[in-house]
>>> print(open('model.cif').read())   # mmCIF, C-alpha atoms
data_upload
#
loop_
_atom_site.label_atom_id
_atom_site.label_comp_id
_atom_site.auth_asym_id
_atom_site.auth_seq_id
_atom_site.Cartn_x
_atom_site.Cartn_y
_atom_site.Cartn_z
CA ALA A 1191 52.24 42.04 20.06
CA THR A 1192 54.13 38.74 20.14
CA ARG A 1193 57.04 40.22 18.20
CA GLU A 1194 57.31 43.00 20.79
CA ILE A 1195 57.20 40.47 23.63
CA ARG A 1196 59.98 38.41 22.06
CA LYS A 1197 62.26 41.47 21.85
CA GLN A 1198 62.62 41.31 25.64
CA ASP A 1199 65.13 38.70 26.77
CA ARG A 1200 63.13 37.82 29.86
CA PHE A 1201 60.19 36.76 27.67
CA LYS A 1202 62.08 34.92 24.93
CA ASP A 1203 61.01 31.55 26.35
CA LEU A 1204 57.56 32.63 27.56
CA PRO A 1205 54.94 30.28 26.05
CA VAL A 1206 52.55 32.20 23.80
CA ILE A 1207 49.58 30.30 22.34
CA ALA A 1208 47.27 31.76 19.70
CA MET A 1209 43.50 31.25 19.81
CA THR A 1210 41.45 31.92 16.68
CA ALA A 1211 37.75 31.75 15.91
CA ASN A 1212 38.13 29.36 12.98
CA ALA A 1213 40.23 26.27 12.36
CA MET A 1214 41.57 27.66 9.09
CA ALA A 1215 44.45 26.09 7.22
CA GLY A 1216 47.58 28.12 7.82
CA ASP A 1217 46.48 29.69 11.12
CA ARG A 1218 49.05 27.72 13.12
CA GLU A 1219 51.81 28.50 10.64
CA GLN A 1220 51.00 32.22 10.82
CA ALA A 1221 51.09 32.10 14.62
CA ILE A 1222 54.50 30.39 14.59
CA ALA A 1223 55.82 32.89 12.05
CA VAL A 1224 55.23 35.84 14.41
CA GLY A 1225 56.87 34.10 17.36
CA MET A 1226 54.04 32.21 19.01
CA ASP A 1227 54.55 28.66 20.12
CA ASP A 1228 51.28 26.95 19.22
CA HIS A 1229 47.67 27.43 18.20
CA ILE A 1230 44.22 26.55 19.58
CA ALA A 1231 41.19 26.81 17.29
CA LYS A 1232 37.56 27.40 18.17
CA PRO A 1233 35.13 25.74 18.73
CA ILE A 1234 37.09 24.62 21.75
CA ASN A 1235 37.71 20.91 22.21
CA VAL A 1236 38.71 20.70 25.86
CA ARG A 1237 40.92 17.65 25.44
CA GLU A 1238 42.78 19.10 22.48
CA MET A 1239 43.13 22.45 24.25
CA LEU A 1240 44.63 20.81 27.34
CA THR A 1241 46.93 18.71 25.17
CA THR A 1242 48.26 21.87 23.53
CA MET A 1243 48.62 23.70 26.84
CA ALA A 1244 50.38 20.74 28.43
CA ARG A 1245 53.12 20.95 25.78
CA TRP A 1246 54.14 24.35 27.07
CA ILE A 1247 53.08 24.74 30.69
CA SER A 1248 54.64 22.95 33.66
CA PRO A 1249 52.64 22.98 36.91
CA SER A 1250 54.54 24.43 39.88
CA ASP A 1251 53.89 21.18 41.73
CA PRO A 1252 53.32 18.31 39.26
CA LEU A 1253 52.31 15.87 41.97
CA GLU A 1254 49.57 18.18 43.26
CA ALA A 1255 48.35 18.75 39.72
CA GLY A 1256 47.98 15.03 39.19
CA VAL A 1257 50.89 14.74 36.75
CA PRO A 1258 53.67 12.28 37.60
CA ALA A 1259 56.90 14.26 38.15
CA GLU A 1260 58.97 11.83 36.12
CA ALA A 1261 56.32 10.83 33.59
CA PRO A 1262 57.69 10.03 30.14
CA ALA A 1263 56.98 12.38 27.25
CA THR A 1264 54.06 11.29 25.09
CA GLY A 1265 52.60 12.32 21.76
CA VAL A 1266 49.28 13.92 20.99
CA ASP A 1267 46.01 12.01 20.92
CA ALA A 1268 45.49 9.28 18.37
CA GLY A 1269 43.90 10.59 15.22
CA GLN A 1270 45.54 14.01 15.49
CA SER A 1271 48.25 15.32 13.25
CA GLY A 1272 51.05 13.73 15.25
CA ALA A 1273 52.80 17.07 15.73
CA PRO A 1274 55.87 16.64 17.94
CA LEU A 1275 55.99 17.96 21.46
CA GLY A 1276 59.04 19.96 20.47
CA ASP A 1277 58.89 23.52 19.30
CA ASP A 1278 58.87 24.59 15.66
CA ALA A 1279 60.52 27.90 16.56
CA GLY A 1280 63.35 26.41 18.64
CA HIS A 1281 62.02 27.30 22.08
CA PRO A 1282 62.31 24.62 24.78
CA VAL A 1283 59.24 22.55 25.54
CA GLN A 1284 57.87 23.57 28.93
CA GLY A 1285 55.31 20.90 29.65
CA SER A 1286 56.31 17.75 27.82
CA GLN A 1287 55.64 15.53 30.79
CA ALA A 1288 52.57 13.44 29.99
CA PRO A 1289 49.94 15.83 28.61
CA ASP A 1290 47.47 12.94 28.52
CA ALA A 1291 47.88 12.52 32.28
CA ALA A 1292 47.12 16.19 32.83
CA ILE A 1293 44.03 15.89 30.66
CA ASP A 1294 42.81 12.79 32.44
CA ALA A 1295 43.23 14.54 35.79
CA ALA A 1296 41.27 17.55 34.54
CA SER A 1297 38.36 15.56 33.11
CA THR A 1298 37.63 12.79 35.56
CA THR A 1299 33.93 12.83 34.70
CA GLU A 1300 34.53 11.87 31.08
CA LYS A 1301 34.04 8.13 31.53
CA ALA A 1302 30.83 8.66 33.48
CA ALA A 1303 29.30 10.86 30.79
CA GLN A 1304 27.03 8.80 28.56
CA PRO A 1305 25.75 10.52 25.38
CA GLU A 1306 22.71 8.23 25.30
CA ASP A 1307 21.47 9.94 28.49
CA LEU A 1308 20.85 12.98 26.30
CA GLY A 1309 19.39 11.10 23.36
CA GLY A 1310 16.87 12.87 21.17
CA LEU A 1311 18.47 16.28 21.59
CA ALA A 1312 17.69 17.44 18.06
CA GLY A 1313 20.09 19.94 16.60
CA PHE A 1314 23.06 18.86 18.72
CA ASP A 1315 25.88 16.38 18.20
CA VAL A 1316 25.87 15.32 21.84
CA GLU A 1317 29.13 13.38 21.65
CA ALA A 1318 30.94 16.38 20.13
CA GLY A 1319 29.43 18.70 22.74
CA LEU A 1320 30.48 16.42 25.58
CA ARG A 1321 34.02 16.21 24.23
CA ARG A 1322 34.26 19.99 24.30
CA MET A 1323 33.03 19.98 27.89
CA GLY A 1324 35.70 17.46 28.89
CA GLY A 1325 32.99 14.80 29.18
CA ASN A 1326 31.14 16.71 31.90
CA ARG A 1327 27.50 15.80 31.20
CA GLN A 1328 26.13 18.01 33.96
CA LEU A 1329 27.96 21.06 32.61
CA PHE A 1330 26.89 20.30 29.03
CA THR A 1331 23.24 19.94 30.06
CA ARG A 1332 23.32 23.17 32.04
CA LEU A 1333 24.84 25.10 29.12
CA VAL A 1334 22.34 23.67 26.64
CA ARG A 1335 19.49 24.76 28.93
CA SER A 1336 21.03 28.21 29.20
CA PHE A 1337 21.31 28.31 25.41
CA GLY A 1338 17.61 27.52 25.05
CA LYS A 1339 16.71 30.30 27.46
CA ASN A 1340 19.02 33.00 26.13
CA TYR A 1341 19.09 32.39 22.38
CA ALA A 1342 15.47 31.60 21.49
CA GLY A 1343 15.04 35.14 20.17
CA ARG A 1344 18.43 35.52 18.50
CA ALA A 1345 17.14 34.98 14.94
CA ALA A 1346 14.67 37.84 15.40
CA GLU A 1347 17.44 40.08 16.73
CA ILE A 1348 19.62 39.31 13.70
CA GLU A 1349 16.68 39.82 11.35
CA ALA A 1350 15.94 43.20 12.96
CA ALA A 1351 19.57 44.27 12.51
CA ILE A 1352 19.51 43.17 8.87
CA GLN A 1353 16.24 45.00 8.20
CA SER A 1354 17.79 48.14 9.71
CA LYS A 1355 20.98 47.56 7.67
CA ASP A 1356 22.97 47.61 10.90
CA TRP A 1357 25.57 45.23 9.50
CA GLN A 1358 27.94 45.58 12.43
CA GLN A 1359 25.23 44.51 14.87
CA ALA A 1360 24.10 41.69 12.59
CA HIS A 1361 27.69 40.45 12.36
CA GLN A 1362 28.25 40.64 16.11
CA LEU A 1363 25.03 38.78 16.93
CA THR A 1364 25.73 36.09 14.32
CA HIS A 1365 29.35 35.69 15.38
CA ASP A 1366 28.30 35.23 19.00
CA LEU A 1367 25.71 32.63 18.05
CA LYS A 1368 28.25 30.79 15.90
CA GLY A 1369 30.69 30.49 18.80
CA VAL A 1370 28.10 29.19 21.26
CA ALA A 1371 26.66 26.72 18.74
CA GLY A 1372 30.11 25.39 17.92
CA ASN A 1373 31.08 24.87 21.54
CA LEU A 1374 27.83 23.01 22.26
CA GLY A 1375 28.14 20.70 19.26
CA ALA A 1376 25.23 22.26 17.34
CA THR A 1377 27.17 21.63 14.14
CA ASP A 1378 24.52 22.45 11.54
CA LEU A 1379 23.61 25.67 13.33
CA PHE A 1380 27.29 26.57 13.62
CA GLU A 1381 27.72 26.16 9.85
CA ALA A 1382 24.55 28.16 9.14
CA ALA A 1383 25.73 30.98 11.41
CA GLN A 1384 29.15 30.90 9.77
CA ALA A 1385 27.58 31.25 6.32
CA LEU A 1386 25.32 34.12 7.40
CA GLU A 1387 28.21 35.81 9.19
CA ALA A 1388 30.19 35.83 5.96
CA ALA A 1389 27.23 37.36 4.10
CA VAL A 1390 26.55 40.18 6.58
CA ARG A 1391 30.26 40.93 6.84
CA SER A 1392 30.28 41.77 3.12
CA PRO A 1393 26.62 42.59 2.38
CA GLU A 1394 27.38 44.38 -0.88
CA GLY A 1395 28.81 41.24 -2.45
CA GLU A 1396 26.44 38.67 -0.90
CA GLN A 1397 23.18 40.60 -0.59
CA GLU A 1398 21.18 38.01 -2.53
CA ALA A 1399 22.40 35.17 -0.31
CA ILE A 1400 21.27 36.74 2.96
CA PRO A 1401 17.54 35.78 2.91
CA ASP A 1402 18.17 32.08 2.23
CA ARG A 1403 20.96 31.90 4.79
CA MET A 1404 18.78 33.71 7.32
CA ASP A 1405 15.94 31.23 6.72
CA THR A 1406 18.31 28.30 7.26
CA LEU A 1407 19.70 29.77 10.47
CA GLU A 1408 16.20 30.56 11.75
CA ARG A 1409 15.02 26.98 11.16
CA LEU A 1410 18.07 25.36 12.76
CA LEU A 1411 18.04 27.73 15.73
CA ALA A 1412 14.35 26.99 16.37
CA GLN A 1413 15.15 23.26 16.30
CA ALA A 1414 18.08 23.59 18.71
CA THR A 1415 16.41 25.93 21.20
CA GLY A 1416 13.23 23.88 21.03
CA SER A 1417 15.00 20.67 21.99
CA ALA A 1418 16.99 22.53 24.66
CA CYS A 1419 13.77 23.82 26.22
CA ALA A 1420 12.31 20.31 26.13
CA LEU A 1421 15.05 18.86 28.37
CA PRO A 1422 13.64 17.17 31.50
CA GLY A 1423 13.49 19.45 34.49
CA PHE A 1424 13.53 22.61 32.40
CA GLU A 1425 11.07 25.37 33.24
CA GLN A 1426 9.18 25.84 29.97
CA ALA A 1427 8.20 29.39 30.89
CA THR A 1428 11.83 30.48 30.84
CA CYS A 1429 11.92 29.69 27.11
CA ALA A 1430 8.87 31.78 26.31
CA PRO A 1431 9.81 34.78 24.14
CA SER A 1432 9.19 38.32 25.30
CA PRO A 1433 8.93 41.58 23.38
CA GLU A 1434 12.40 42.52 24.60
CA SER A 1435 14.06 39.24 23.56
CA VAL A 1436 12.60 39.22 20.03
CA PRO A 1437 12.36 42.83 18.86
CA LEU A 1438 10.87 43.76 15.50
CA ALA A 1439 12.74 46.12 13.21
CA PRO A 1440 11.02 49.56 13.28
CA GLU A 1441 9.81 49.34 9.67
CA LEU A 1442 8.47 45.81 10.18
CA ALA A 1443 6.82 46.81 13.47
CA ARG A 1444 4.97 49.74 11.89
CA GLU A 1445 3.74 47.63 8.99
CA THR A 1446 2.71 44.83 11.38
CA ALA A 1447 0.73 47.30 13.53
CA ARG A 1448 -1.03 48.71 10.47
CA GLN A 1449 -2.00 45.30 9.07
CA LEU A 1450 -3.03 44.10 12.53
CA ARG A 1451 -5.47 47.00 12.97
CA GLU A 1452 -6.99 46.43 9.55
CA ALA A 1453 -7.47 42.71 10.18
CA ALA A 1454 -8.85 43.29 13.69
CA ASP A 1455 -11.34 45.92 12.44
CA ILE A 1456 -13.03 43.39 10.16
CA GLY A 1457 -12.28 40.21 12.10
CA ASP A 1458 -10.24 38.70 9.25
CA LEU A 1459 -8.87 35.55 10.89
CA ALA A 1460 -7.13 34.37 7.72
CA GLU A 1461 -5.22 37.65 7.48
CA LEU A 1462 -4.31 37.42 11.18
CA ALA A 1463 -2.92 33.91 10.69
CA ALA A 1464 -0.94 35.04 7.64
CA LEU A 1465 0.40 38.03 9.56
CA ALA A 1466 1.55 35.86 12.46
CA SER A 1467 3.24 33.31 10.19
CA GLY A 1468 5.11 36.12 8.41
CA LEU A 1469 6.86 37.26 11.59
CA PRO A 1470 10.21 35.82 12.75
CA ALA A 1471 10.16 32.39 14.39
CA ASN A 1472 9.89 32.47 18.20
CA SER A 1473 8.43 35.99 17.95
CA TYR A 1474 6.43 37.10 20.96
CA TYR A 1475 4.11 39.05 18.68
CA ALA A 1476 3.51 36.11 16.35
CA ALA A 1477 2.45 33.96 19.31
CA LYS A 1478 0.32 36.76 20.77
CA ILE A 1479 -1.48 37.45 17.47
CA GLN A 1480 -2.22 33.75 17.13
CA GLU A 1481 -3.47 33.51 20.72
CA LEU A 1482 -5.75 36.57 20.50
CA GLY A 1483 -7.01 35.52 17.06
CA ASP A 1484 -7.94 32.08 18.34
CA ASP A 1485 -9.94 33.76 21.12
CA PHE A 1486 -11.44 36.22 18.60
CA ASP A 1487 -10.33 38.99 20.95
CA LEU A 1488 -10.52 41.90 18.50
CA ASP A 1489 -10.10 44.54 21.21
CA GLY A 1490 -7.01 42.72 22.44
CA LEU A 1491 -5.61 42.67 18.89
CA SER A 1492 -6.15 46.42 18.54
CA ALA A 1493 -4.40 46.98 21.86
CA LEU A 1494 -1.53 44.77 20.68
CA ALA A 1495 -1.19 46.93 17.56
CA ASP A 1496 -0.82 49.97 19.82
CA GLU A 1497 1.77 48.12 21.93
CA ILE A 1498 3.83 47.27 18.84
CA GLU A 1499 3.69 50.87 17.59
CA ASN A 1500 4.53 52.30 21.01
CA GLY A 1501 7.49 49.94 21.19
CA VAL A 1502 8.89 51.49 18.01
CA GLY A 1503 8.62 54.94 19.56
CA ALA A 1504 10.36 53.83 22.75
CA THR A 1505 13.18 52.29 20.72
CA ALA A 1506 13.64 55.50 18.73
CA GLU A 1507 13.83 57.57 21.94
CA ASN A 1508 16.52 55.28 23.37
#
>>> encode(input="model.cif", output="C-alpha cells")
Amino acid sequence: ATREIRKQDRFKDLPVIAMTANAMAGDREQAIAVGMDDHIAKPINVREMLTTMARWISPSDPLEAGVPAEAPATGVDAGQSGAPLGDDAGHPVQGSQAPDAAIDAASTTEKAAQPEDLGGLAGFDVEAGLRRMGGNRQLFTRLVRSFGKNYAGRAAEIEAAIQSKDWQQAHQLTHDLKGVAGNLGATDLFEAAQALEAAVRSPEGEQEAIPDRMDTLERLLAQATGSACALPGFEQATCAPSPESVPLAPELARETARQLREAADIGDLAELAALASGLPANSYYAAKIQELGDDFDLDGLSALADEIENGVGATAEN
C-alpha cells in the first residue's frame, strides 16, 4: 500500500509510520524499505510513540499545541537508540521542532503519577504500565479495573477453543489478551500469551507445548485479574464469573455434567471437589460446584448438571 501511495507525487512527502504487534529486529528496516518513514512497535509506550510522531508531524499552530514555534531540534530520549531526526529515505523531516516539548505537553500528569500509590498490584509492572499511559495514573487504574472485569474468563475461553480445535479462535483470543497485557505492563502474562499464541498458530508443530503454556497463562491471568479486582473502590461482584464469560467446551461440558450427576447421586464430596478443581480457573461452574457441595445441596448439584448440559445444546443451536 505504501509503494502505491508513493507513486503519486502529491503523497511523496506524506509521513507514513508503520505499527506492528511485536518489536522484532528488522521491522523498522522493512518499513523503510517499502517507503515508510518510521516504525512504532507494540506494546505502545506513549512517550516513545509521541517522540516518533513528533519527528514527522507539525501541528498547524505550534503555539496552541504547546510546542515553541522556534524550538531547537532535539534528539530522542536518553537510553534510546539515538536515531537521528532526519529521514533514512531522504524525505524531509516534518516535525523536528522539539518532540520532547510536544510529549511533555501531552502528558502533564506524568510527574504527579506515583507508582507506589498502586503498590502490591501483583502481576503488573506498574511503572511500565504508567509509562505507556503517559504517566496518567487515573487512566491506568481505570484500565486495570476494566481488565479485571472483562478478562477474568479469558483463559476458559481460550481453553474451550483449544478443546474444540478452533485454532483461529484460540489465536484471536490469545492475541487480544497479549496486546492488552503488554499495554498494561503485565509483562509475565504478555510473554505467556505470546508463547501460547505461537503454539496455537502452528498447532501441528507445537501440539505438545500447548498444555504447559496454557497452564502458565491461566496461572498468570488469575494473578493479574485477581489483583485488578482487589483494587480499592472496585465492585467485587463485577469480577464474578458467569456461565457466559467462562464457557466450557462442549465435550468438557458433557463429561462434567455426567460426572456431576454421578457424584451428586451418591453424595461423593471428594469427587465433587476433584471435579471442581479440574475445571478452568475462574470458572463459574467450578465455583458453583464447590458452593453447592459445601452446602451438601445434592438437588442443586443435579440441577446444575442439567444447566451445563442444556448450555451445550443452546451453543450447538446457535
>>> atom_distance(input="model.cif", atom1="atom CA of Leu1488 of chain A", atom2="atom CA of Ala1447 of chain A")
13.4 Å
>>> resolve_selection(input="model.cif", expression="the PyMOL selection byres ((chain A and resi 1365) around 10)", output="list in words")
Ala1211, Gln1359, Ala1360, His1361, Gln1362, Leu1363, Thr1364, Asp1366, Leu1367, Lys1368, Gly1369, Val1370, Ala1371, Phe1380, Ala1383, Gln1384, Leu1386, Glu1387 and Ala1388 of chain A
>>> write_last_selection(input="model.cif", atoms="C-alpha atoms", output="mmCIF file, keeping the file's coordinate frame")
data_model
loop_
_atom_site.group_PDB
_atom_site.id
_atom_site.type_symbol
_atom_site.label_atom_id
_atom_site.label_comp_id
_atom_site.auth_asym_id
_atom_site.auth_seq_id
_atom_site.Cartn_x
_atom_site.Cartn_y
_atom_site.Cartn_z
ATOM 1 C CA ALA A 1211 37.750 31.750 15.910
ATOM 2 C CA GLN A 1359 25.230 44.510 14.870
ATOM 3 C CA ALA A 1360 24.100 41.690 12.590
ATOM 4 C CA HIS A 1361 27.690 40.450 12.360
ATOM 5 C CA GLN A 1362 28.250 40.640 16.110
ATOM 6 C CA LEU A 1363 25.030 38.780 16.930
ATOM 7 C CA THR A 1364 25.730 36.090 14.320
ATOM 8 C CA ASP A 1366 28.300 35.230 19.000
ATOM 9 C CA LEU A 1367 25.710 32.630 18.050
ATOM 10 C CA LYS A 1368 28.250 30.790 15.900
ATOM 11 C CA GLY A 1369 30.690 30.490 18.800
ATOM 12 C CA VAL A 1370 28.100 29.190 21.260
ATOM 13 C CA ALA A 1371 26.660 26.720 18.740
ATOM 14 C CA PHE A 1380 27.290 26.570 13.620
ATOM 15 C CA ALA A 1383 25.730 30.980 11.410
ATOM 16 C CA GLN A 1384 29.150 30.900 9.770
ATOM 17 C CA LEU A 1386 25.320 34.120 7.400
ATOM 18 C CA GLU A 1387 28.210 35.810 9.190
ATOM 19 C CA ALA A 1388 30.190 35.830 5.960
#
>>> atom_distance(input="model.cif", atom1="atom CA of Leu1374 of chain A", atom2="atom CA of Gly1319 of chain A")
4.6 Å
>>> atom_distance(input="model.cif", atom1="atom CA of Ser1417 of chain A", atom2="atom CA of Asn1340 of chain A")
13.6 Å
>>> residues_around(input="model.cif", residues="segment 1314-1318 of chain A", least_positions_apart="4", cutoff="7 Å", atoms="all atoms listed in the file", output="list in words")
Pro1305, Arg1322, Gly1375, Ala1376, Thr1377 and Ala1414 of chain A
>>> residues_near_point(input="model.cif", point="(16.2, 26.1, 17.6)", cutoff="12 Å", atoms="all atoms listed in the file", output="PyMOL selection string")
chain A and resi 1311-1314+1334-1335+1337-1345+1367+1371+1376+1378-1380+1406-1420+1429+1471-1472
>>> closest_residue(input="model.cif", among="A:Gln1220, A:Thr1242, A:Ser1336, A:Gln1397", to="Thr1192 of chain A", atoms="all atoms listed in the file")
A:Gln1220
>>> resolve_selection(input="model.cif", expression="the PyMOL selection byres ((chain A and resi 1453) around 10)", output="number ranges by chain")
A: 1447-1452, 1454-1463, 1465, 1483, 1488, 1491-1492
